[in-house]
Amino acid sequence: MRYIILVLLNLPVILLALVNIVIQYKMKKMSARRFQHQIILWIVTLIVLVSSFPIYNYAIGNSLFDSSELSLFDIAQTTVIIYMVYSFNNQRRRIEQNEKMIRDLHQEISIRLAGK
Amino acid sequence: MSKKRIKVCIVIPSYNEEAVIGDVIDGVMNIFKKSAYDFDIVCIDDGSRDKTASIAQKHGAIVIRHILNIGAGGATATGLSYAQQSGYDVAATMDADGQHAPEDVLKGVKILIKDDADLIIGSRLITTEGMSRVKIIGNKGLSFVTYILFGINSTDSQSGLRIFSRKALVSLRWKTSGYEFCSEMLWRAKQQKMKISEYSIQAIYTEYSKAKGQNNWNGINIVKSLLRRRVEEMFE
């Protein structure tokens with residue numbers, strides 16, 4: 001059941017990435033070489049996701065995840081994820097603000113130049 | 001005492017349209033000269049690499065040149081901002097590829113004034129004559145997406161022929177620069193409780209306009225961008 005949830009949560013992201021790459025390529029905004037690289041990258045990610053269940057079973061069977069309490073690695077990993085989400089959100093906002101500023105500036109310059 | 005004449009600004013966003021822009025401007029000019037309105041034609045050259053700007057100027061349009069190509073949404077925003085700053089009472093936007101009949105632009109201006117509306121959309125899909133099946137499906141699909149995401153019931157949410165009141169010129173703003181601005185603009189107008197309506201227009205599809213128009217791959221891009229905008233706004 002958890003495996004299905006994992007796949008259901010992540011599969012749309014991978015499919016979206018694949019659709020995005022195909023659109024960029026079809027609209028000639030991406031070179032054939034980059035298209036191939038991107039397709040390979042996301043298909044490998046897809047294979048890893050789909051085969052995560054047997055990999056996990058193998059790891060558990062060989063006691064690779066044995067840990068009695070929260071390890072330092074767990075703490076560091078969770079902290080990094082939270083920091084990344086925070087940072088991603090901040091960057092997104094800054095990019096949007098900059099985009100707006102450049103667009104407004106470009107618009108105003110064009111109008112003023114036309115008036116000269 | 002003479003009645004103040006209504007000033008109309010016809011905005012034509014264009015990108016590499018040297019083959020048709022002259023005829024489009026002439027067509028609008030001929031129709032509006034016979035009308036009761038004071039008018040100007042403003043061509044927004046969105047960073048064209050051909051002679052669009054010089055041809056438009058030669059045919060009597062005011063030309064605003066974008067240094068960079070920023071997309072149809074950005075070019076339309078520049079044109080409407082110019083109309084607002086220059087004190088026009090009404091503005092109309094139309095496509096530069098000759099897809100819209102100048103008579104439909106004048107008809108829209110009259111309807112806007114008569115109905116006291118804020119935004120009027122010229123719908124190509126009330127009667128779909130002349131439009132290919134692929135284009136009908138694509139446009140109806142995008143209108144459906146606009147309805148699902150923003151609750152706006154329009155038969156042609158992607159139409160480039162739109163008429164704006166002074167109130168809309170002053171307060172209507174949007175964030176996207178590409179073709180998705182068509183749907184976003186309707187959403188912003190709805191948020192501001194503007195009076196929106198639509199009227200039937202004819203779509204003139206020539207080999208040229210068919211080749212220039214959006215393809216369905218770009219339709220997927222538009223849906224993605226609208227979806228992202230909708231989700232992002234939920235967290236702002």
# chains A, B, ... in the order shown; residues from 1 in each chain; ligands from 1

$ residues_around --residues "stretch 48-62 of chain A" --least-positions-apart "3" --cutoff "8 Å" --atoms "only C-alpha atoms" --output "short mmCIF file (atom, residue, chain, number, x, y, z; two decimals) with N, CA, C and O atoms, in the first residue's frame"
data_model
loop_
_atom_site.label_atom_id
_atom_site.label_comp_id
_atom_site.auth_asym_id
_atom_site.auth_seq_id
_atom_site.Cartn_x
_atom_site.Cartn_y
_atom_site.Cartn_z
N TYR A 3 3.87 1.49 -0.93
CA TYR A 3 4.59 1.54 -2.20
C TYR A 3 3.72 2.22 -3.27
O TYR A 3 4.20 3.06 -4.04
N VAL A 7 4.50 5.67 -5.33
CA VAL A 7 4.49 5.76 -6.81
C VAL A 7 3.47 6.81 -7.26
O VAL A 7 3.76 7.65 -8.11
N ASN A 10 4.78 10.35 -6.76
CA ASN A 10 5.94 10.77 -7.55
C ASN A 10 5.77 10.62 -9.06
O ASN A 10 6.40 11.34 -9.82
N VAL A 44 15.47 7.04 -16.20
CA VAL A 44 16.23 6.36 -15.13
C VAL A 44 15.54 6.62 -13.78
O VAL A 44 15.35 5.71 -12.97
N THR A 45 15.12 7.87 -13.56
CA THR A 45 14.41 8.21 -12.31
C THR A 45 13.13 7.38 -12.19
O THR A 45 12.80 6.87 -11.11
N PHE A 65 19.04 -0.86 6.80
CA PHE A 65 18.41 0.32 7.43
C PHE A 65 18.25 0.17 8.93
O PHE A 65 17.49 0.92 9.55
N ASP A 66 18.91 -0.81 9.51
CA ASP A 66 18.74 -1.04 10.96
C ASP A 66 19.21 0.15 11.78
O ASP A 66 20.36 0.58 11.67
#

$ residues_around --residues "stretch 103-109 of chain A" --least-positions-apart "6" --cutoff "8 Å" --atoms "only C-alpha atoms" --output "compact mmCIF listing (two decimals) with all heavy atoms, in the first residue's frame"
# COMPACT_ATOMS: atom_id res chain seq x y z
N HIS B 66 9.31 46.95 -28.67
CA HIS B 66 9.93 46.23 -27.56
C HIS B 66 11.37 45.89 -27.94
O HIS B 66 11.61 45.42 -29.05
CB HIS B 66 9.17 44.93 -27.27
CG HIS B 66 8.00 45.11 -26.36
ND1 HIS B 66 7.17 44.08 -26.02
CD2 HIS B 66 7.55 46.18 -25.68
CE1 HIS B 66 6.24 44.52 -25.19
NE2 HIS B 66 6.45 45.80 -24.98
N ILE B 67 12.25 46.11 -27.00
CA ILE B 67 13.66 45.78 -27.28
C ILE B 67 13.81 44.25 -27.33
O ILE B 67 14.54 43.70 -28.14
CB ILE B 67 14.57 46.39 -26.17
CG1 ILE B 67 14.35 47.91 -26.12
CG2 ILE B 67 16.03 46.06 -26.41
CD1 ILE B 67 14.64 48.54 -24.79
N GLY B 74 2.76 40.32 -22.72
CA GLY B 74 3.56 41.49 -22.42
C GLY B 74 3.30 42.61 -23.42
O GLY B 74 3.20 43.79 -23.04
N ALA B 77 -0.02 44.16 -22.72
CA ALA B 77 0.06 45.00 -21.51
C ALA B 77 0.68 46.35 -21.84
O ALA B 77 0.22 47.40 -21.37
CB ALA B 77 0.88 44.29 -20.44
N THR B 78 1.72 46.35 -22.69
CA THR B 78 2.36 47.62 -23.07
C THR B 78 1.36 48.51 -23.83
O THR B 78 1.25 49.71 -23.55
CB THR B 78 3.59 47.35 -23.97
OG1 THR B 78 4.53 46.56 -23.25
CG2 THR B 78 4.27 48.64 -24.40

$ interface_residues --of "chain A" --to "chain B" --cutoff "12 Å" --atoms "only C-alpha atoms" --output "ChimeraX atom specification"
/A:16-17,19-29,89,92-93,96-116

$ atom_distance --atom1 "atom CA of B:Val90" --atom2 "atom CA of B:Cys9"
6.4 Å

$ atom_distance --atom1 "atom CA of B:Lys114" --atom2 "atom CA of B:Gln84"
20.7 Å

$ atom_distance --atom1 "atom CA of B:Glu18" --atom2 "atom CA of B:Ala203"
20.4 Å

$ select_by_dssp --residues "stretch 113-201 of chain B" --states "helix (DSSP H, G or I)" --output "PyMOL selection string"
chain B and resi 113-115+133-150+166-171+181-191

$ closest_residue --among "B:Glu232, B:Glu184, B:Asp23, B:Asp40" --to "B:Gly151" --atoms "only C-alpha atoms"
B:Glu184

$ select_by_dssp --residues "stretch 2-225 of chain B" --states "strand (DSSP E or B)" --output "JSON, numbers by chain"
{"B": [7, 8, 9, 10, 11, 12, 13, 14, 38, 39, 40, 41, 42, 43, 44, 45, 62, 63, 64, 65, 90, 91, 92, 93, 100, 119, 120, 121, 122, 123, 162, 163, 164, 165, 196, 197, 198, 199, 200, 203]}

$ write_last_selection --atoms "N, CA and C atoms" --output "compact mmCIF listing (two decimals), in the first residue's frame"
# COMPACT_ATOMS: atom_id res chain seq x y z
N LYS B 7 -12.54 58.73 -27.53
CA LYS B 7 -11.21 58.40 -28.07
C LYS B 7 -10.96 56.90 -27.95
N VAL B 8 -10.71 56.29 -29.09
CA VAL B 8 -10.49 54.84 -29.11
C VAL B 8 -9.05 54.53 -29.52
N CYS B 9 -8.43 53.61 -28.80
CA CYS B 9 -7.07 53.17 -29.13
C CYS B 9 -7.13 51.71 -29.58
N ILE B 10 -6.71 51.46 -30.80
CA ILE B 10 -6.71 50.07 -31.29
C ILE B 10 -5.29 49.54 -31.19
N VAL B 11 -5.10 48.56 -30.32
CA VAL B 11 -3.78 48.01 -30.04
C VAL B 11 -3.57 46.74 -30.86
N ILE B 12 -2.47 46.69 -31.60
CA ILE B 12 -2.17 45.49 -32.40
C ILE B 12 -0.79 44.95 -31.99
N PRO B 13 -0.76 43.98 -31.07
CA PRO B 13 0.54 43.36 -30.73
C PRO B 13 1.03 42.55 -31.92
N SER B 14 2.28 42.72 -32.30
CA SER B 14 2.75 42.00 -33.50
C SER B 14 4.19 41.52 -33.35
N ASP B 38 -12.86 59.34 -32.40
CA ASP B 38 -11.45 59.71 -32.62
C ASP B 38 -10.66 58.45 -32.35
N PHE B 39 -9.71 58.14 -33.18
CA PHE B 39 -9.01 56.88 -32.95
C PHE B 39 -7.53 56.96 -33.32
N ASP B 40 -6.76 56.07 -32.70
CA ASP B 40 -5.36 55.87 -33.08
C ASP B 40 -5.11 54.38 -33.13
N ILE B 41 -4.23 53.99 -34.03
CA ILE B 41 -3.83 52.59 -34.11
C ILE B 41 -2.42 52.49 -33.53
N VAL B 42 -2.26 51.65 -32.53
CA VAL B 42 -0.96 51.49 -31.89
C VAL B 42 -0.44 50.08 -32.15
N CYS B 43 0.67 50.00 -32.83
CA CYS B 43 1.26 48.69 -33.13
C CYS B 43 2.39 48.44 -32.13
N ILE B 44 2.29 47.36 -31.37
CA ILE B 44 3.37 47.01 -30.44
C ILE B 44 4.24 45.98 -31.14
N ASP B 45 5.41 46.41 -31.54
CA ASP B 45 6.32 45.49 -32.21
C ASP B 45 7.13 44.76 -31.13
N ILE B 62 0.90 54.34 -34.68
CA ILE B 62 1.90 54.73 -33.69
C ILE B 62 2.63 53.43 -33.35
N VAL B 63 3.95 53.45 -33.40
CA VAL B 63 4.67 52.19 -33.16
C VAL B 63 5.45 52.26 -31.85
N ILE B 64 5.23 51.24 -31.02
CA ILE B 64 6.02 51.09 -29.78
C ILE B 64 6.84 49.83 -29.97
N ARG B 65 8.14 49.99 -29.89
CA ARG B 65 9.01 48.82 -30.14
C ARG B 65 9.52 48.23 -28.84
N VAL B 90 -11.60 54.24 -24.59
CA VAL B 90 -11.82 52.82 -24.91
C VAL B 90 -10.58 52.30 -25.63
N ALA B 91 -10.23 51.04 -25.37
CA ALA B 91 -9.14 50.42 -26.14
C ALA B 91 -9.62 49.08 -26.68
N ALA B 92 -9.07 48.71 -27.83
CA ALA B 92 -9.40 47.40 -28.41
C ALA B 92 -8.10 46.70 -28.77
N THR B 93 -8.04 45.41 -28.55
CA THR B 93 -6.88 44.66 -29.02
C THR B 93 -7.32 43.72 -30.13
N HIS B 100 -8.82 38.88 -37.64
CA HIS B 100 -10.03 39.60 -37.22
C HIS B 100 -10.48 40.62 -38.27
N LEU B 119 -15.29 44.91 -20.05
CA LEU B 119 -14.47 44.08 -20.93
C LEU B 119 -15.38 43.24 -21.83
N ILE B 120 -15.12 43.31 -23.11
CA ILE B 120 -15.92 42.52 -24.06
C ILE B 120 -15.01 41.65 -24.90
N ILE B 121 -15.39 40.39 -25.01
CA ILE B 121 -14.57 39.44 -25.79
C ILE B 121 -15.27 39.14 -27.11
N GLY B 122 -14.52 39.23 -28.18
CA GLY B 122 -15.06 38.84 -29.48
C GLY B 122 -14.89 37.34 -29.65
N SER B 123 -15.99 36.62 -29.58
CA SER B 123 -15.90 35.15 -29.59
C SER B 123 -15.99 34.57 -31.00
N ARG B 162 -10.48 41.96 -28.07
CA ARG B 162 -11.10 42.35 -26.81
C ARG B 162 -11.26 43.87 -26.75
N ILE B 163 -12.30 44.29 -26.09
CA ILE B 163 -12.54 45.73 -25.97
C ILE B 163 -12.55 46.08 -24.48
N PHE B 164 -11.88 47.19 -24.13
CA PHE B 164 -11.70 47.58 -22.74
C PHE B 164 -12.26 48.97 -22.48
N SER B 165 -12.92 49.10 -21.35
CA SER B 165 -13.41 50.42 -20.94
C SER B 165 -12.26 51.17 -20.27
N ILE B 196 -18.22 41.72 -17.62
CA ILE B 196 -17.62 41.05 -18.78
C ILE B 196 -18.74 40.47 -19.65
N SER B 197 -18.61 40.66 -20.95
CA SER B 197 -19.57 40.00 -21.84
C SER B 197 -18.87 39.62 -23.14
N GLU B 198 -19.59 38.96 -24.03
CA GLU B 198 -18.97 38.59 -25.30
C GLU B 198 -19.95 38.75 -26.46
N TYR B 199 -19.40 38.83 -27.65
CA TYR B 199 -20.23 38.95 -28.85
C TYR B 199 -19.60 38.11 -29.95
N SER B 200 -20.41 37.77 -30.91
CA SER B 200 -19.94 36.87 -31.96
C SER B 200 -19.12 37.62 -33.02
N ALA B 203 -13.99 34.55 -37.74
CA ALA B 203 -12.54 34.34 -37.77
C ALA B 203 -12.13 34.13 -39.22

$ residues_around --residues "B:Ile204" --least-positions-apart "6" --cutoff "9 Å" --atoms "only C-alpha atoms" --output "list in words"
Gly98, Gln99, His100, Ala101, Gly130 and Met131 of chain B
